[in-house]
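Undergrad: Take a look at the following structure, please.
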Amino acid sequence: MDGRPLQDVLKVQCYGCGALNAHGMQIKSRWDGGDELVCIWQPQPYHIGHPGIVYGGTIASVVDCHAVWTALATRCRDEGFDLAHDSLPFAVVTGRLSVSFLRPAVIDQPLELRAKVVDAGPRRATVACRVLQQGSECATAEVVTVRVAAMG
């Protein structure tokens, strides 16, 4: 990859990560070294839960999309597909999402998500994701992703 966010290379409509969705969260995932993808995302005031705190469901949504991109990018890399030029014969979707919230994330600070594939098979990949804020872990997640045939 050329360093651009993956969502700017393969543009989709998804609410969480779609560059083509003006109302979405517009996350941006990039390779950061060997096997890890990083996403720096700034919550907006309307992502609030308790006063001053990011709504947990929003964190889960950002984790979900970042993990799916991690699984997709890893599979493409391992199978020799180029997101910028190849028509992918598959998509990756969420099979299971499990988030453990460790401490509140404040609304006015960016979240840093770090994810990597920790187990993979022909149709499934398990992604571990850490959510940090100012270097402290706010949440951890395990996302089981599933490879499906490309749609539309």
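Chain labels A, B, ... are given in the sequence in which chains occur in the structure tokens; within each chain residues are numbered consecutively from 1, and ligands are likewise numbered from 1 in the order shown.
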Just asking: which residues within chain A are alpha helix (DSSP H) according to DSSP, as a PDB file with N, CA and C atoms, in the first residue's frame?

TA:
ATOM      1  N   LEU A   6      -6.921   2.973   3.968  1.00  0.00           N
ATOM      2  CA  LEU A   6      -7.550   1.954   3.129  1.00  0.00           C
ATOM      3  C   LEU A   6      -8.915   2.408   2.624  1.00  0.00           C
ATOM      4  N   GLN A   7      -9.639   3.171   3.453  1.00  0.00           N
ATOM      5  CA  GLN A   7     -10.972   3.625   3.080  1.00  0.00           C
ATOM      6  C   GLN A   7     -10.933   4.664   1.960  1.00  0.00           C
ATOM      7  N   ASP A   8      -9.769   5.256   1.700  1.00  0.00           N
ATOM      8  CA  ASP A   8      -9.611   6.170   0.572  1.00  0.00           C
ATOM      9  C   ASP A   8      -9.161   5.434  -0.678  1.00  0.00           C
ATOM     10  N   VAL A   9      -8.742   4.190  -0.517  1.00  0.00           N
ATOM     11  CA  VAL A   9      -8.325   3.364  -1.647  1.00  0.00           C
ATOM     12  C   VAL A   9      -9.522   2.587  -2.198  1.00  0.00           C
ATOM     13  N   GLY A  56     -20.536   4.004  24.497  1.00  0.00           N
ATOM     14  CA  GLY A  56     -19.906   2.703  24.282  1.00  0.00           C
ATOM     15  C   GLY A  56     -20.266   2.065  22.953  1.00  0.00           C
ATOM     16  N   GLY A  57     -21.494   2.254  22.504  1.00  0.00           N
ATOM     17  CA  GLY A  57     -21.909   1.702  21.214  1.00  0.00           C
ATOM     18  C   GLY A  57     -21.143   2.314  20.056  1.00  0.00           C
ATOM     19  N   THR A  58     -20.766   3.565  20.201  1.00  0.00           N
ATOM     20  CA  THR A  58     -19.954   4.219  19.175  1.00  0.00           C
ATOM     21  C   THR A  58     -18.567   3.588  19.135  1.00  0.00           C
ATOM     22  N   ILE A  59     -17.996   3.358  20.296  1.00  0.00           N
ATOM     23  CA  ILE A  59     -16.684   2.697  20.347  1.00  0.00           C
ATOM     24  C   ILE A  59     -16.777   1.317  19.694  1.00  0.00           C
ATOM     25  N   ALA A  60     -17.829   0.567  19.995  1.00  0.00           N
ATOM     26  CA  ALA A  60     -18.008  -0.757  19.392  1.00  0.00           C
ATOM     27  C   ALA A  60     -18.120  -0.655  17.868  1.00  0.00           C
ATOM     28  N   SER A  61     -18.805   0.364  17.370  1.00  0.00           N
ATOM     29  CA  SER A  61     -18.942   0.539  15.918  1.00  0.00           C
ATOM     30  C   SER A  61     -17.606   0.836  15.250  1.00  0.00           C
ATOM     31  N   VAL A  62     -16.824   1.703  15.873  1.00  0.00           N
ATOM     32  CA  VAL A  62     -15.509   2.034  15.315  1.00  0.00           C
ATOM     33  C   VAL A  62     -14.608   0.799  15.332  1.00  0.00           C
ATOM     34  N   VAL A  63     -14.644   0.053  16.428  1.00  0.00           N
ATOM     35  CA  VAL A  63     -13.869  -1.187  16.525  1.00  0.00           C
ATOM     36  C   VAL A  63     -14.305  -2.166  15.434  1.00  0.00           C
ATOM     37  N   ASP A  64     -15.599  -2.321  15.247  1.00  0.00           N
ATOM     38  CA  ASP A  64     -16.144  -3.252  14.254  1.00  0.00           C
ATOM     39  C   ASP A  64     -15.567  -2.954  12.869  1.00  0.00           C
ATOM     40  N   CYS A  65     -15.683  -1.713  12.443  1.00  0.00           N
ATOM     41  CA  CYS A  65     -15.198  -1.359  11.107  1.00  0.00           C
ATOM     42  C   CYS A  65     -13.685  -1.487  10.988  1.00  0.00           C
ATOM     43  N   HIS A  66     -12.967  -1.022  11.982  1.00  0.00           N
ATOM     44  CA  HIS A  66     -11.504  -1.112  11.917  1.00  0.00           C
ATOM     45  C   HIS A  66     -11.055  -2.579  11.866  1.00  0.00           C
ATOM     46  N   ALA A  67     -11.717  -3.434  12.613  1.00  0.00           N
ATOM     47  CA  ALA A  67     -11.365  -4.862  12.604  1.00  0.00           C
ATOM     48  C   ALA A  67     -11.672  -5.502  11.253  1.00  0.00           C
ATOM     49  N   VAL A  68     -12.792  -5.156  10.652  1.00  0.00           N
ATOM     50  CA  VAL A  68     -13.139  -5.705   9.336  1.00  0.00           C
ATOM     51  C   VAL A  68     -12.098  -5.265   8.301  1.00  0.00           C
ATOM     52  N   TRP A  69     -11.693  -3.997   8.343  1.00  0.00           N
ATOM     53  CA  TRP A  69     -10.654  -3.542   7.427  1.00  0.00           C
ATOM     54  C   TRP A  69      -9.322  -4.249   7.698  1.00  0.00           C
ATOM     55  N   THR A  70      -9.048  -4.527   8.946  1.00  0.00           N
ATOM     56  CA  THR A  70      -7.821  -5.247   9.286  1.00  0.00           C
ATOM     57  C   THR A  70      -7.844  -6.645   8.677  1.00  0.00           C
ATOM     58  N   ALA A  71      -8.956  -7.330   8.823  1.00  0.00           N
ATOM     59  CA  ALA A  71      -9.080  -8.677   8.255  1.00  0.00           C
ATOM     60  C   ALA A  71      -9.017  -8.631   6.729  1.00  0.00           C
ATOM     61  N   LEU A  72      -9.719  -7.670   6.120  1.00  0.00           N
ATOM     62  CA  LEU A  72      -9.727  -7.549   4.663  1.00  0.00           C
ATOM     63  C   LEU A  72      -8.331  -7.236   4.132  1.00  0.00           C
ATOM     64  N   ALA A  73      -7.664  -6.256   4.722  1.00  0.00           N
ATOM     65  CA  ALA A  73      -6.339  -5.864   4.246  1.00  0.00           C
ATOM     66  C   ALA A  73      -5.325  -6.991   4.422  1.00  0.00           C
ATOM     67  N   THR A  74      -5.414  -7.701   5.529  1.00  0.00           N
ATOM     68  CA  THR A  74      -4.494  -8.805   5.771  1.00  0.00           C
ATOM     69  C   THR A  74      -4.724  -9.923   4.760  1.00  0.00           C
ATOM     70  N   ARG A  75      -5.990 -10.248   4.517  1.00  0.00           N
ATOM     71  CA  ARG A  75      -6.308 -11.299   3.540  1.00  0.00           C
ATOM     72  C   ARG A  75      -5.845 -10.885   2.146  1.00  0.00           C
ATOM     73  N   CYS A  76      -6.097  -9.638   1.759  1.00  0.00           N
ATOM     74  CA  CYS A  76      -5.667  -9.168   0.440  1.00  0.00           C
ATOM     75  C   CYS A  76      -4.143  -9.239   0.312  1.00  0.00           C
ATOM     76  N   ARG A  77      -3.453  -8.785   1.336  1.00  0.00           N
ATOM     77  CA  ARG A  77      -1.986  -8.845   1.317  1.00  0.00           C
ATOM     78  C   ARG A  77      -1.509 -10.282   1.173  1.00  0.00           C
ATOM     79  N   ASP A  78      -2.082 -11.179   1.976  1.00  0.00           N
ATOM     80  CA  ASP A  78      -1.633 -12.569   1.981  1.00  0.00           C
ATOM     81  C   ASP A  78      -1.982 -13.312   0.694  1.00  0.00           C
ATOM     82  N   GLU A  79      -3.068 -12.890   0.023  1.00  0.00           N
ATOM     83  CA  GLU A  79      -3.500 -13.575  -1.201  1.00  0.00           C
ATOM     84  C   GLU A  79      -3.112 -12.828  -2.475  1.00  0.00           C
TER      85      GLU A  79
END

Undergrad: At a cut-off of 9 Å, using only C-alpha atoms, what residues contact Arg103 (chain A)? Leave out same-chain residues fewer than 2 positions from it and give the result as a ChimeraX atom specification.

TA: /A:101,105,136-139

Undergrad: What is the CA of Ile48 (chain A) to CA of Gln109 (chain A) distance in Å?

TA: 12.1 Å

Undergrad: Enumerate as a ChimeraX atom specification all residues of chain A assigned to strand (DSSP E or B) by DSSP on the backbone, naming them with the chain letters and numbers the document uses.

TA: /A:29-31,37-41,48,53-54,90-101,106,111-120,124-133,136-149

Undergrad: Leaving out Ile107 (chain A) and any residue of its chain fewer than 6 positions from it, which residues lie within 7 Å of it when counting only C-alpha atoms, given as a VMD selection string?

TA: chain A and resid 43 to 45 48 52 to 54

Undergrad: Pick out the closest residue to Glu36 (chain A) from this set: A:Leu83, A:Leu97, A:Val118, A:Leu132. Count only C-alpha atoms.

TA: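 Nearest to Glu36 (chain A): A:Val118.
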
Undergrad: Work out how far CA of Val12 (chain A) is from CA of Cys129 (chain A), in Å to one decimal.

TA: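 Taking CA of Cys129 (chain A) as the start and CA of Val12 (chain A) as the end point, the length is 21.8 Å.
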
Undergrad: Report, in Å with one decimal, the straight-line distance from CA of Gly80 (chain A) to CA of Ala115 (chain A).

TA: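 So the answer is 20.5 Å.
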
Undergrad: Excluding Met25 (chain A) and residues on its chain fewer than 6 positions from it, collect all residues at most 7 Å away from it, counting only C-alpha atoms, and give them as a list in words.

TA: Tyr15, Gly16 and Cys17 of chain A

Undergrad: Which residue out of A:Phe81, A:Cys39, A:Gly49, A:Val93 has the minimum interatomic distance to Val131 (chain A) when only C-alpha atoms are used?

TA: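 Result for the nearest residue to Val131 (chain A): A:Cys39.
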
Undergrad: From the options A:Arg130, A:Arg147, A:Lys11, A:Arg96, which residue's atoms come nearest to Val38 (chain A), counting only C-alpha atoms?

TA: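 Result for the nearest residue to Val38 (chain A): A:Arg130.
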
Undergrad: Point out the residue among A:Val117, A:Val99, A:Ala125, A:Ala84 with the least atom-to-atom distance to Glu142 (chain A), counting only C-alpha atoms.

TA: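 Nearest to Glu142 (chain A): A:Val99.
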